[in-house]
$ cat model08.cif   # mmCIF, C-alpha atoms
data_structure
loop_
_atom_site.label_atom_id
_atom_site.label_comp_id
_atom_site.auth_asym_id
_atom_site.auth_seq_id
_atom_site.Cartn_x
_atom_site.Cartn_y
_atom_site.Cartn_z
CA MET A 441 34.73 -106.46 107.61
CA GLY A 442 37.23 -108.87 106.12
CA ARG A 443 37.76 -112.44 107.26
CA TYR A 444 41.44 -111.71 107.91
CA ASP A 445 41.23 -108.23 109.42
CA GLY A 446 43.95 -107.78 112.02
CA ARG A 447 45.75 -110.99 111.04
CA THR A 448 49.35 -111.15 109.88
CA ALA A 449 50.22 -113.95 107.51
CA ILE A 450 53.43 -115.21 105.95
CA VAL A 451 53.31 -116.88 102.55
CA THR A 452 56.40 -118.43 101.02
CA GLY A 453 56.72 -118.34 97.27
CA SER A 454 54.37 -115.36 97.25
CA ARG A 455 55.26 -113.94 93.86
CA ARG A 456 53.78 -116.49 91.52
CA GLY A 457 51.38 -119.38 91.08
CA VAL A 458 49.55 -120.79 94.09
CA GLY A 459 51.50 -118.53 96.45
CA ARG A 460 50.30 -115.44 94.60
CA ILE A 461 46.70 -116.69 94.63
CA ILE A 462 46.83 -117.24 98.39
CA THR A 463 48.62 -113.94 99.00
CA ASP A 464 46.06 -111.95 97.04
CA HIS A 465 43.21 -113.79 98.76
CA LEU A 466 44.56 -113.03 102.24
CA LEU A 467 45.16 -109.39 101.30
CA ALA A 468 41.63 -109.09 99.93
CA GLY A 469 40.36 -110.47 103.24
CA GLY A 470 42.12 -107.72 105.19
CA ALA A 471 45.31 -109.49 106.27
CA THR A 472 48.78 -108.03 106.36
CA VAL A 473 50.89 -110.41 104.29
CA ILE A 474 54.63 -110.91 104.51
CA GLY A 475 55.72 -112.63 101.34
CA PHE A 476 58.94 -114.61 101.12
CA ALA A 477 60.41 -115.11 97.69
CA ARG A 478 63.74 -115.26 95.90
CA GLY A 479 62.82 -112.51 93.46
CA GLU A 480 61.84 -108.90 93.92
CA SER A 481 58.37 -107.92 95.00
CA ALA A 482 55.76 -107.81 92.29
CA ASN A 483 52.89 -106.89 94.58
CA GLY A 484 51.93 -103.26 95.13
CA HIS A 485 49.22 -103.85 97.73
CA PRO A 486 49.78 -101.49 100.69
CA ALA A 487 49.41 -104.32 103.21
CA TYR A 488 51.99 -106.49 101.43
CA HIS A 489 55.55 -106.65 102.78
CA HIS A 490 58.21 -108.46 100.84
CA VAL A 491 61.18 -110.41 102.15
CA GLN A 492 63.54 -111.21 99.32
CA VAL A 493 65.41 -114.29 100.43
CA ASP A 494 66.47 -117.67 99.15
CA ILE A 495 64.53 -119.96 101.47
CA THR A 496 67.13 -122.69 101.09
CA ASP A 497 69.56 -120.35 102.87
CA SER A 498 68.64 -121.26 106.46
CA PRO A 499 70.85 -118.65 108.18
CA ALA A 500 69.38 -115.91 105.96
CA LEU A 501 65.91 -117.19 106.75
CA THR A 502 66.40 -117.08 110.51
CA ASP A 503 68.02 -113.67 110.24
CA ALA A 504 64.95 -112.47 108.32
CA PHE A 505 62.84 -113.31 111.36
CA VAL A 506 64.90 -110.95 113.49
CA GLY A 507 63.63 -108.17 111.21
CA ILE A 508 60.07 -109.52 111.23
CA ARG A 509 59.97 -109.57 115.03
CA ARG A 510 61.19 -105.99 115.01
CA GLU A 511 58.43 -104.85 112.67
CA PHE A 512 55.49 -107.10 113.52
CA THR A 513 54.19 -108.07 116.93
CA THR A 514 53.15 -111.52 115.84
CA VAL A 515 52.51 -113.85 112.94
CA ASP A 516 49.10 -115.53 112.94
CA ILE A 517 49.15 -117.61 109.77
CA LEU A 518 51.98 -119.32 107.92
CA VAL A 519 51.45 -120.84 104.50
CA ASN A 520 54.40 -123.01 103.49
CA ASN A 521 53.84 -122.85 99.76
CA ALA A 522 57.21 -122.40 98.05
CA ALA A 523 58.29 -125.54 96.28
CA THR A 524 60.41 -126.74 93.44
CA LEU A 525 59.64 -129.68 91.20
CA THR A 526 61.93 -131.49 88.84
CA SER A 527 60.19 -134.51 87.43
CA GLN A 528 62.76 -136.99 86.29
CA TYR A 529 63.39 -140.68 86.56
CA SER A 530 65.45 -141.47 89.65
CA MET A 531 68.21 -143.22 87.74
CA ILE A 532 69.13 -140.02 85.91
CA MET A 533 68.32 -137.40 88.56
CA SER A 534 71.41 -135.61 89.83
CA THR A 535 72.08 -135.36 93.55
CA ASP A 536 72.13 -131.56 93.29
CA VAL A 537 68.63 -131.47 91.85
CA ALA A 538 67.39 -133.86 94.54
CA ARG A 539 69.08 -131.83 97.26
CA GLU A 540 67.51 -128.59 96.02
CA MET A 541 64.07 -130.17 96.26
CA VAL A 542 64.72 -131.45 99.79
CA GLU A 543 66.00 -128.05 100.91
CA THR A 544 63.16 -126.07 99.34
CA ASN A 545 60.26 -128.44 99.90
CA LEU A 546 61.10 -129.84 103.31
CA LEU A 547 63.92 -128.11 105.18
CA ALA A 548 62.70 -124.55 104.47
CA PRO A 549 59.16 -125.28 105.73
CA PHE A 550 60.71 -126.74 108.88
CA VAL A 551 62.69 -123.54 109.52
CA MET A 552 59.70 -121.32 108.66
CA SER A 553 57.38 -123.30 110.94
CA ARG A 554 59.89 -123.29 113.79
CA GLU A 555 60.38 -119.54 113.63
CA CYS A 556 56.67 -118.78 113.28
CA ALA A 557 55.73 -121.18 116.09
CA ARG A 558 57.92 -119.22 118.47
CA LEU A 559 55.95 -116.08 117.69
CA MET A 560 52.63 -117.92 117.77
CA LYS A 561 53.50 -119.33 121.19
CA ARG A 562 53.61 -115.78 122.51
CA SER A 563 50.17 -114.91 121.22
CA LYS A 564 48.72 -118.37 121.91
CA TRP A 565 47.20 -118.54 118.43
CA GLY A 566 48.42 -119.73 115.09
CA ARG A 567 47.60 -121.56 111.89
CA ILE A 568 50.30 -123.35 109.92
CA ILE A 569 49.16 -124.55 106.52
CA ASN A 570 51.45 -126.67 104.38
CA ILE A 571 50.82 -126.94 100.68
CA GLY A 572 51.07 -130.59 99.81
CA SER A 573 50.49 -132.42 96.60
CA MET A 574 48.46 -135.19 95.02
CA ALA A 575 51.87 -136.73 94.24
CA THR A 576 52.02 -138.07 97.81
CA SER A 577 49.05 -140.29 97.07
CA LEU A 578 49.41 -140.96 93.35
CA GLU A 579 53.20 -141.48 93.45
CA PRO A 580 53.73 -140.85 89.75
CA ALA A 581 56.92 -142.02 88.07
CA GLY A 582 59.43 -139.19 87.90
CA ASP A 583 58.29 -137.62 91.18
CA SER A 584 60.30 -139.77 93.59
CA VAL A 585 62.04 -136.98 95.48
CA TYR A 586 59.23 -134.44 95.07
CA ALA A 587 56.60 -136.88 96.37
CA ALA A 588 58.89 -137.98 99.20
CA CYS A 589 59.42 -134.33 100.21
CA LYS A 590 55.70 -133.60 100.14
CA THR A 591 54.97 -136.73 102.19
CA GLY A 592 57.65 -135.57 104.59
CA LEU A 593 56.03 -132.15 104.72
CA THR A 594 52.73 -133.70 105.76
CA THR A 595 54.44 -135.73 108.48
CA LEU A 596 56.36 -132.64 109.60
CA GLY A 597 53.05 -130.82 110.02
CA ASN A 598 51.44 -133.71 111.85
CA VAL A 599 54.25 -133.96 114.39
CA MET A 600 54.35 -130.19 114.85
CA ALA A 601 50.58 -130.27 115.37
CA ARG A 602 51.24 -132.42 118.43
CA GLU A 603 54.08 -130.20 119.65
CA PHE A 604 52.24 -126.89 119.15
CA ALA A 605 48.72 -127.87 120.22
CA SER A 606 49.20 -126.64 123.78
CA PHE A 607 49.51 -123.07 122.58
CA ASN A 608 46.57 -123.21 120.18
CA VAL A 609 48.56 -123.57 116.98
CA THR A 610 47.19 -125.94 114.37
CA CYS A 611 49.15 -127.52 111.51
CA ASN A 612 47.35 -128.88 108.47
CA THR A 613 48.08 -129.78 104.88
CA LEU A 614 46.25 -128.81 101.73
CA ALA A 615 47.21 -131.31 99.06
CA ILE A 616 46.49 -129.69 95.73
CA THR A 617 46.04 -131.37 92.39
CA ALA A 618 47.08 -129.39 89.33
CA ILE A 619 46.48 -125.73 88.62
CA GLU A 620 47.82 -123.67 85.73
CA THR A 621 51.09 -122.29 87.14
CA ASP A 622 54.67 -121.79 86.03
CA MET A 623 55.63 -124.96 87.91
CA LEU A 624 53.05 -127.03 86.10
CA ASN A 625 54.00 -125.56 82.76
CA GLN A 626 57.44 -127.17 83.13
CA LEU A 627 55.78 -130.57 82.78
CA PRO A 628 54.35 -132.19 79.66
CA LYS A 629 50.65 -131.21 79.54
CA ASP A 630 49.54 -134.55 78.13
CA ARG A 631 51.09 -136.29 81.11
CA ILE A 632 49.27 -134.04 83.59
CA ASP A 633 46.01 -134.41 81.66
CA ALA A 634 46.34 -138.19 81.87
CA ILE A 635 46.77 -138.02 85.66
CA ILE A 636 43.87 -135.58 86.06
CA ALA A 637 41.63 -137.84 83.99
CA THR A 638 42.00 -140.58 86.62
CA LEU A 639 40.79 -138.38 89.51
CA PRO A 640 37.28 -138.74 90.92
CA VAL A 641 36.74 -135.09 89.95
CA PRO A 642 38.65 -135.06 86.66
CA ARG A 643 39.46 -131.39 86.25
CA TYR A 644 42.21 -128.93 87.12
CA ALA A 645 41.94 -127.06 90.42
CA THR A 646 40.78 -123.46 90.47
CA ALA A 647 41.94 -120.63 92.71
CA GLU A 648 38.66 -120.91 94.64
CA ASP A 649 39.24 -124.62 95.29
CA ILE A 650 42.48 -123.68 97.02
CA THR A 651 41.36 -120.57 98.93
CA ASN A 652 38.26 -122.38 100.18
CA VAL A 653 40.43 -124.84 102.13
CA ILE A 654 42.84 -122.11 103.22
CA ASP A 655 39.87 -120.27 104.74
CA PHE A 656 38.73 -123.44 106.48
CA PHE A 657 42.12 -124.21 108.02
CA ALA A 658 42.77 -120.57 108.98
CA SER A 659 39.37 -120.04 110.53
CA GLU A 660 38.93 -119.20 114.21
CA SER A 661 36.42 -122.06 114.26
CA SER A 662 39.03 -124.61 113.16
CA SER A 663 40.93 -124.75 116.44
CA TYR A 664 40.00 -128.44 116.78
CA ILE A 665 41.19 -129.27 113.25
CA THR A 666 44.86 -130.17 113.29
CA ALA A 667 47.21 -132.78 111.77
CA GLN A 668 44.76 -133.17 108.89
CA THR A 669 45.30 -133.37 105.16
CA VAL A 670 42.68 -132.27 102.68
CA PHE A 671 43.20 -133.57 99.16
CA LEU A 672 41.49 -131.72 96.35
CA GLY A 673 39.69 -133.46 93.52
CA GLY A 674 38.88 -136.65 95.38
CA VAL A 675 42.47 -137.87 95.71
CA ASN A 676 42.99 -139.83 98.90
CA MET B 26 76.17 -104.53 121.07
CA GLU B 27 77.56 -105.45 124.51
CA LEU B 28 75.44 -107.75 126.59
CA SER B 29 75.98 -108.16 130.31
CA PHE B 30 75.54 -111.36 132.28
CA ALA B 31 72.71 -109.67 134.17
CA ALA B 32 70.90 -108.77 130.95
CA ILE B 33 71.08 -112.33 129.68
CA ALA B 34 70.06 -113.77 133.03
CA ASP B 35 67.06 -111.43 132.95
CA ILE B 36 66.07 -112.83 129.55
CA ILE B 37 66.20 -116.38 130.93
CA LEU B 38 64.31 -115.42 134.07
CA GLN B 39 61.66 -113.72 131.92
CA ALA B 40 61.25 -116.95 129.94
CA LEU B 41 60.74 -118.79 133.25
CA ALA B 42 58.27 -116.11 134.38
CA ASP B 43 56.32 -116.60 131.15
CA LEU B 44 56.11 -120.30 131.95
CA ASP B 45 54.94 -119.45 135.45
CA ASP B 46 52.00 -117.57 133.95
CA GLU B 47 50.65 -120.91 132.77
CA ARG B 48 51.43 -122.95 135.88
CA PRO B 49 49.12 -123.41 138.86
CA ALA B 50 49.68 -121.15 141.87
CA ASP B 51 51.19 -123.97 143.94
CA ASP B 52 53.65 -124.96 141.20
CA LYS B 53 55.42 -121.72 140.30
CA ILE B 54 59.13 -121.82 139.44
CA ALA B 55 60.02 -118.37 140.78
CA GLY B 56 63.40 -118.59 139.05
CA THR B 57 66.73 -117.26 140.28
CA VAL B 58 70.18 -117.54 138.71
CA ASP B 59 70.65 -120.77 140.67
CA THR B 60 67.48 -122.41 139.38
CA GLN B 61 68.24 -125.82 137.85
CA LEU B 62 66.87 -126.15 134.33
CA PHE B 63 68.21 -129.56 133.38
CA GLY B 64 69.28 -132.68 135.27
CA PRO B 65 68.01 -134.45 138.38
CA GLU B 66 67.21 -131.23 140.26
CA ALA B 67 65.55 -129.56 137.30
CA VAL B 68 62.37 -127.58 137.84
CA LEU B 69 61.36 -127.98 134.19
CA ASP B 70 60.03 -130.89 132.22
CA SER B 71 61.37 -131.41 128.71
CA LEU B 72 58.70 -129.25 127.07
CA GLY B 73 59.35 -126.48 129.57
CA LEU B 74 63.05 -126.56 128.75
CA VAL B 75 62.26 -126.42 125.03
CA SER B 76 60.05 -123.40 125.63
CA VAL B 77 62.77 -121.60 127.61
CA ILE B 78 65.47 -122.33 125.02
CA ALA B 79 63.21 -121.13 122.18
CA ASP B 80 62.31 -117.93 124.03
CA VAL B 81 65.92 -117.20 124.99
CA GLU B 82 67.18 -117.85 121.45
CA MET B 83 64.62 -115.46 120.06
CA ALA B 84 65.24 -112.72 122.62
CA VAL B 85 69.04 -112.91 122.32
CA SER B 86 68.82 -112.94 118.51
CA ASP B 87 66.66 -109.83 118.62
CA LEU B 88 69.12 -108.09 120.95
CA VAL B 89 72.22 -108.82 118.89
CA GLY B 90 70.43 -108.34 115.56
CA HIS B 91 71.14 -111.74 114.03
CA ALA B 92 70.08 -115.33 114.59
CA VAL B 93 71.75 -117.09 117.52
CA SER B 94 71.41 -120.86 117.96
CA LEU B 95 71.78 -122.31 121.43
CA MET B 96 71.33 -125.93 120.36
CA ASP B 97 74.48 -126.32 118.30
CA ASP B 98 77.05 -129.11 118.36
CA VAL B 99 79.23 -127.18 120.81
CA ALA B 100 76.43 -126.98 123.36
CA LEU B 101 75.51 -130.63 122.97
CA SER B 102 79.09 -131.89 123.22
CA GLN B 103 80.08 -130.12 126.44
CA GLU B 104 80.81 -132.31 129.45
CA ASN B 105 78.71 -130.05 131.68
CA SER B 106 75.52 -129.11 129.90
CA PRO B 107 75.13 -125.34 129.49
CA PHE B 108 71.43 -125.88 130.15
CA GLU B 109 71.94 -127.09 133.71
CA SER B 110 71.03 -123.82 135.40
CA VAL B 111 70.12 -120.22 134.67
CA ARG B 112 73.68 -119.27 135.54
CA SER B 113 75.35 -121.83 133.26
CA LEU B 114 73.00 -120.92 130.41
CA ALA B 115 73.71 -117.21 130.83
CA ASP B 116 77.46 -117.96 130.83
CA TYR B 117 77.05 -120.01 127.66
CA VAL B 118 75.08 -117.29 125.89
CA MET B 119 77.82 -114.79 126.87
CA THR B 120 80.41 -116.94 125.10
CA LEU B 121 78.12 -117.40 122.08
CA VAL B 122 77.67 -113.68 121.58
CA GLY B 123 81.35 -113.01 122.09
CA GLN B 124 81.27 -111.59 125.60
CA PRO B 125 83.61 -112.94 128.29
CA ALA B 126 81.57 -115.03 130.74
#

$ encode --input "model08.cif" --output "structure tokens"
Amino acid sequence: MGRYDGRTAIVTGSRRGVGRIITDHLLAGGATVIGFARGESANGHPAYHHVQVDITDSPALTDAFVGIRREFTTVDILVNNAATLTSQYSMIMSTDVAREMVETNLLAPFVMSRECARLMKRSKWGRIINIGSMATSLEPAGDSVYAACKTGLTTLGNVMAREFASFNVTCNTLAITAIETDMLNQLPKDRIDAIIATLPVPRYATAEDITNVIDFFASESSSYITAQTVFLGGVN
Amino acid sequence: MELSFAAIADIILQALADLDDERPADDKIAGTVDTQLFGPEAVLDSLGLVSVIADVEMAVSDLVGHAVSLMDDVALSQENSPFESVRSLADYVMTLVGQPA
């Protein structure tokens, strides 16, 4: 019997990187997973359902939930994973690039959480897990908007934790360090290595490091764990 | 899809009934179209009103097949709040979905 048997989960940014790792982990545990991504589905698992949508398009996002409510009775777990990162000094970052990060990394998780919370309120059970970043603590040069968005995401989850607690919905943040993904590959490796070298556990994260905390937050036993942030690698 | 006033009022009353499921026996709302949702005579606290608005938005969106937002600038700028009573909210939803109130 799988850990996630009978559960329905939504993962944003499900096609690649951390989102794909989490999606595959939930599927392997027996969950039905609804993946949100801009591109076409690249997952042939029979319990995987794909919603091809630009998550910065809020009206399209809310319309997508009309279809989800038609097809699924509830959503038990939401993983707000999709993110975009442009690392650039503030003085030369364009407003458009900054806006895209705010819309993807902060506004879209707000809309996703709002829509899922409405469904979770019906079933009186839910787990919202936001994927944060070590950037919120380390505040590296070049990550001004990205780190601000991820800090905002944590605060968003903490306030929602208060608002949703009465119907047994928890909201927590998993702040990851660095893992080999397409997003990370956009950045200079020597720069990432230098940051990782300063961590108490100076290594890159593995898929298991991430899914371990996902399992903890999503667990039935974690109903008293809410508004918490777990940093990987000893970041605090 | 055509929505009647009665159908929308039923959606709102169902949202109130769902709230009643969680309230003690001596504090039930037992809503009617004249039940006050907002203002001095309101039967709901702020969280209760939020719950009703969220449930109604979701149910109406599902009926019409696209997202409907009740908390837009038009609603917030009206002299008489559309959230005052079940009746005023049903009227407002009728106008939002393009049906004469």

$ resolve_selection --input "model08.cif" --expression "the PyMOL selection byres ((chain A and resi 446) around 8)" --output "ChimeraX atom specification"
/A:444-445,447-448,470-472

$ closest_residue --input "model08.cif" --among "A:Cys556, A:His485, A:Thr535, A:Ile461" --to "chain B" --atoms "only C-alpha atoms"
A:Cys556

$ resolve_selection --input "model08.cif" --expression "the PyMOL selection byres ((chain B) within 6 of (chain A))" --output "CSV table (one decimal) with C-alpha atoms, in the coordinates of the input"
chain,number,residue,atom,x,y,z
B,87,ASP,CA,66.7,-109.8,118.6
B,91,HIS,CA,71.1,-111.7,114.0
B,92,ALA,CA,70.1,-115.3,114.6

$ resolve_selection --input "model08.cif" --expression "the PyMOL selection byres ((chain A and resi 539) around 12)" --output "PDB file with C-alpha atoms, keeping the file's coordinate frame"
ATOM      1  CA  THR A 496      67.130-122.690 101.090  1.00  0.00           C
ATOM      2  CA  THR A 524      60.410-126.740  93.440  1.00  0.00           C
ATOM      3  CA  LEU A 525      59.640-129.680  91.200  1.00  0.00           C
ATOM      4  CA  THR A 526      61.930-131.490  88.840  1.00  0.00           C
ATOM      5  CA  MET A 533      68.320-137.400  88.560  1.00  0.00           C
ATOM      6  CA  SER A 534      71.410-135.610  89.830  1.00  0.00           C
ATOM      7  CA  THR A 535      72.080-135.360  93.550  1.00  0.00           C
ATOM      8  CA  ASP A 536      72.130-131.560  93.290  1.00  0.00           C
ATOM      9  CA  VAL A 537      68.630-131.470  91.850  1.00  0.00           C
ATOM     10  CA  ALA A 538      67.390-133.860  94.540  1.00  0.00           C
ATOM     11  CA  GLU A 540      67.510-128.590  96.020  1.00  0.00           C
ATOM     12  CA  MET A 541      64.070-130.170  96.260  1.00  0.00           C
ATOM     13  CA  VAL A 542      64.720-131.450  99.790  1.00  0.00           C
ATOM     14  CA  GLU A 543      66.000-128.050 100.910  1.00  0.00           C
ATOM     15  CA  THR A 544      63.160-126.070  99.340  1.00  0.00           C
ATOM     16  CA  ASN A 545      60.260-128.440  99.900  1.00  0.00           C
ATOM     17  CA  LEU A 546      61.100-129.840 103.310  1.00  0.00           C
ATOM     18  CA  LEU A 547      63.920-128.110 105.180  1.00  0.00           C
ATOM     19  CA  VAL A 585      62.040-136.980  95.480  1.00  0.00           C
ATOM     20  CA  TYR A 586      59.230-134.440  95.070  1.00  0.00           C
ATOM     21  CA  CYS A 589      59.420-134.330 100.210  1.00  0.00           C
TER      22      CYS A 589
END

$ atom_distance --input "model08.cif" --atom1 "CA of Asp116 (chain B)" --atom2 "CA of Val75 (chain B)"
18.3 Å

$ residues_near_point --input "model08.cif" --point "(42.7, -131.0, 90.2)" --cutoff "8 Å" --atoms "all atoms listed in the file" --output "JSON, numbers by chain"
{"A": [616, 617, 618, 619, 636, 639, 641, 642, 643, 644, 645, 646, 672, 673]}

$ residues_around --input "model08.cif" --residues "Phe550 (chain A)" --least-positions-apart "5" --cutoff "9 Å" --atoms "all atoms listed in the file" --output "PyMOL selection string"
chain A and resi 555+593+596-597

$ atom_distance --input "model08.cif" --atom1 "CA of Thr669 (chain A)" --atom2 "CA of Ile568 (chain A)"
12.2 Å

$ residues_around --input "model08.cif" --residues "Asp516 (chain A)" --least-positions-apart "4" --cutoff "8 Å" --atoms "only C-alpha atoms" --output "PDB file with C-alpha atoms, keeping the file's coordinate frame"
ATOM      1  CA  ARG A 447      45.750-110.990 111.040  1.00  0.00           C
ATOM      2  CA  THR A 448      49.350-111.150 109.880  1.00  0.00           C
ATOM      3  CA  ALA A 449      50.220-113.950 107.510  1.00  0.00           C
ATOM      4  CA  MET A 560      52.630-117.920 117.770  1.00  0.00           C
ATOM      5  CA  TRP A 565      47.200-118.540 118.430  1.00  0.00           C
ATOM      6  CA  GLY A 566      48.420-119.730 115.090  1.00  0.00           C
ATOM      7  CA  ARG A 567      47.600-121.560 111.890  1.00  0.00           C
TER       8      ARG A 567
END

$ residues_around --input "model08.cif" --residues "region 30-33 of chain B" --least-positions-apart "4" --cutoff "7 Å" --atoms "all atoms listed in the file" --output "ChimeraX atom specification"
/B:37,115,119

$ residues_near_point --input "model08.cif" --point "(74.6, -117.0, 123.4)" --cutoff "12 Å" --atoms "all atoms listed in the file" --output "number ranges by chain"
B: 27-30, 32-34, 36-37, 78, 81-89, 91-97, 99-100, 107-108, 113-126

$ atom_distance --input "model08.cif" --atom1 "CA of Ile569 (chain A)" --atom2 "CA of Asn612 (chain A)"
5.1 Å

$ closest_residue --input "model08.cif" --among "A:Thr666, A:Asn520, A:Gln626, A:Thr638" --to "Asn598 (chain A)" --atoms "all atoms listed in the file"
A:Thr666

$ build_atoms --input "model08.cif" --residues "region 611-624 of chain A" --atoms "N, CA and C atoms" --output "PDB file, in the coordinates of the input"
ATOM      1  N   CYS A 611      48.315-127.266 112.697  1.00  0.00           N
ATOM      2  CA  CYS A 611      49.150-127.520 111.510  1.00  0.00           C
ATOM      3  C   CYS A 611      48.395-128.479 110.596  1.00  0.00           C
ATOM      4  N   ASN A 612      48.104-128.050 109.416  1.00  0.00           N
ATOM      5  CA  ASN A 612      47.350-128.880 108.470  1.00  0.00           C
ATOM      6  C   ASN A 612      47.972-128.806 107.082  1.00  0.00           C
ATOM      7  N   THR A 613      47.545-129.724 106.238  1.00  0.00           N
ATOM      8  CA  THR A 613      48.080-129.780 104.880  1.00  0.00           C
ATOM      9  C   THR A 613      46.970-129.722 103.855  1.00  0.00           C
ATOM     10  N   LEU A 614      47.152-128.867 102.887  1.00  0.00           N
ATOM     11  CA  LEU A 614      46.250-128.810 101.730  1.00  0.00           C
ATOM     12  C   LEU A 614      46.997-129.433 100.554  1.00  0.00           C
ATOM     13  N   ALA A 615      46.546-130.609 100.157  1.00  0.00           N
ATOM     14  CA  ALA A 615      47.210-131.310  99.060  1.00  0.00           C
ATOM     15  C   ALA A 615      46.492-130.965  97.755  1.00  0.00           C
ATOM     16  N   ILE A 616      47.158-130.170  96.942  1.00  0.00           N
ATOM     17  CA  ILE A 616      46.490-129.690  95.730  1.00  0.00           C
ATOM     18  C   ILE A 616      46.740-130.647  94.564  1.00  0.00           C
ATOM     19  N   THR A 617      45.887-130.533  93.591  1.00  0.00           N
ATOM     20  CA  THR A 617      46.040-131.370  92.390  1.00  0.00           C
ATOM     21  C   THR A 617      46.887-130.584  91.397  1.00  0.00           C
ATOM     22  N   ALA A 618      46.317-130.159  90.311  1.00  0.00           N
ATOM     23  CA  ALA A 618      47.080-129.390  89.330  1.00  0.00           C
ATOM     24  C   ALA A 618      46.320-128.114  89.027  1.00  0.00           C
ATOM     25  N   ILE A 619      47.055-127.021  88.970  1.00  0.00           N
ATOM     26  CA  ILE A 619      46.480-125.730  88.620  1.00  0.00           C
ATOM     27  C   ILE A 619      47.471-125.076  87.664  1.00  0.00           C
ATOM     28  N   GLU A 620      46.954-124.281  86.746  1.00  0.00           N
ATOM     29  CA  GLU A 620      47.820-123.670  85.730  1.00  0.00           C
ATOM     30  C   GLU A 620      48.811-122.710  86.394  1.00  0.00           C
ATOM     31  N   THR A 621      50.038-123.125  86.565  1.00  0.00           N
ATOM     32  CA  THR A 621      51.090-122.290  87.140  1.00  0.00           C
ATOM     33  C   THR A 621      52.377-122.500  86.365  1.00  0.00           C
ATOM     34  N   ASP A 622      53.360-121.651  86.676  1.00  0.00           N
ATOM     35  CA  ASP A 622      54.670-121.790  86.030  1.00  0.00           C
ATOM     36  C   ASP A 622      55.265-123.167  86.302  1.00  0.00           C
ATOM     37  N   MET A 623      55.047-123.657  87.564  1.00  0.00           N
ATOM     38  CA  MET A 623      55.630-124.960  87.910  1.00  0.00           C
ATOM     39  C   MET A 623      55.031-126.062  87.035  1.00  0.00           C
ATOM     40  N   LEU A 624      53.718-125.988  86.886  1.00  0.00           N
ATOM     41  CA  LEU A 624      53.050-127.030  86.100  1.00  0.00           C
ATOM     42  C   LEU A 624      53.454-126.950  84.637  1.00  0.00           C
TER      43      LEU A 624
END
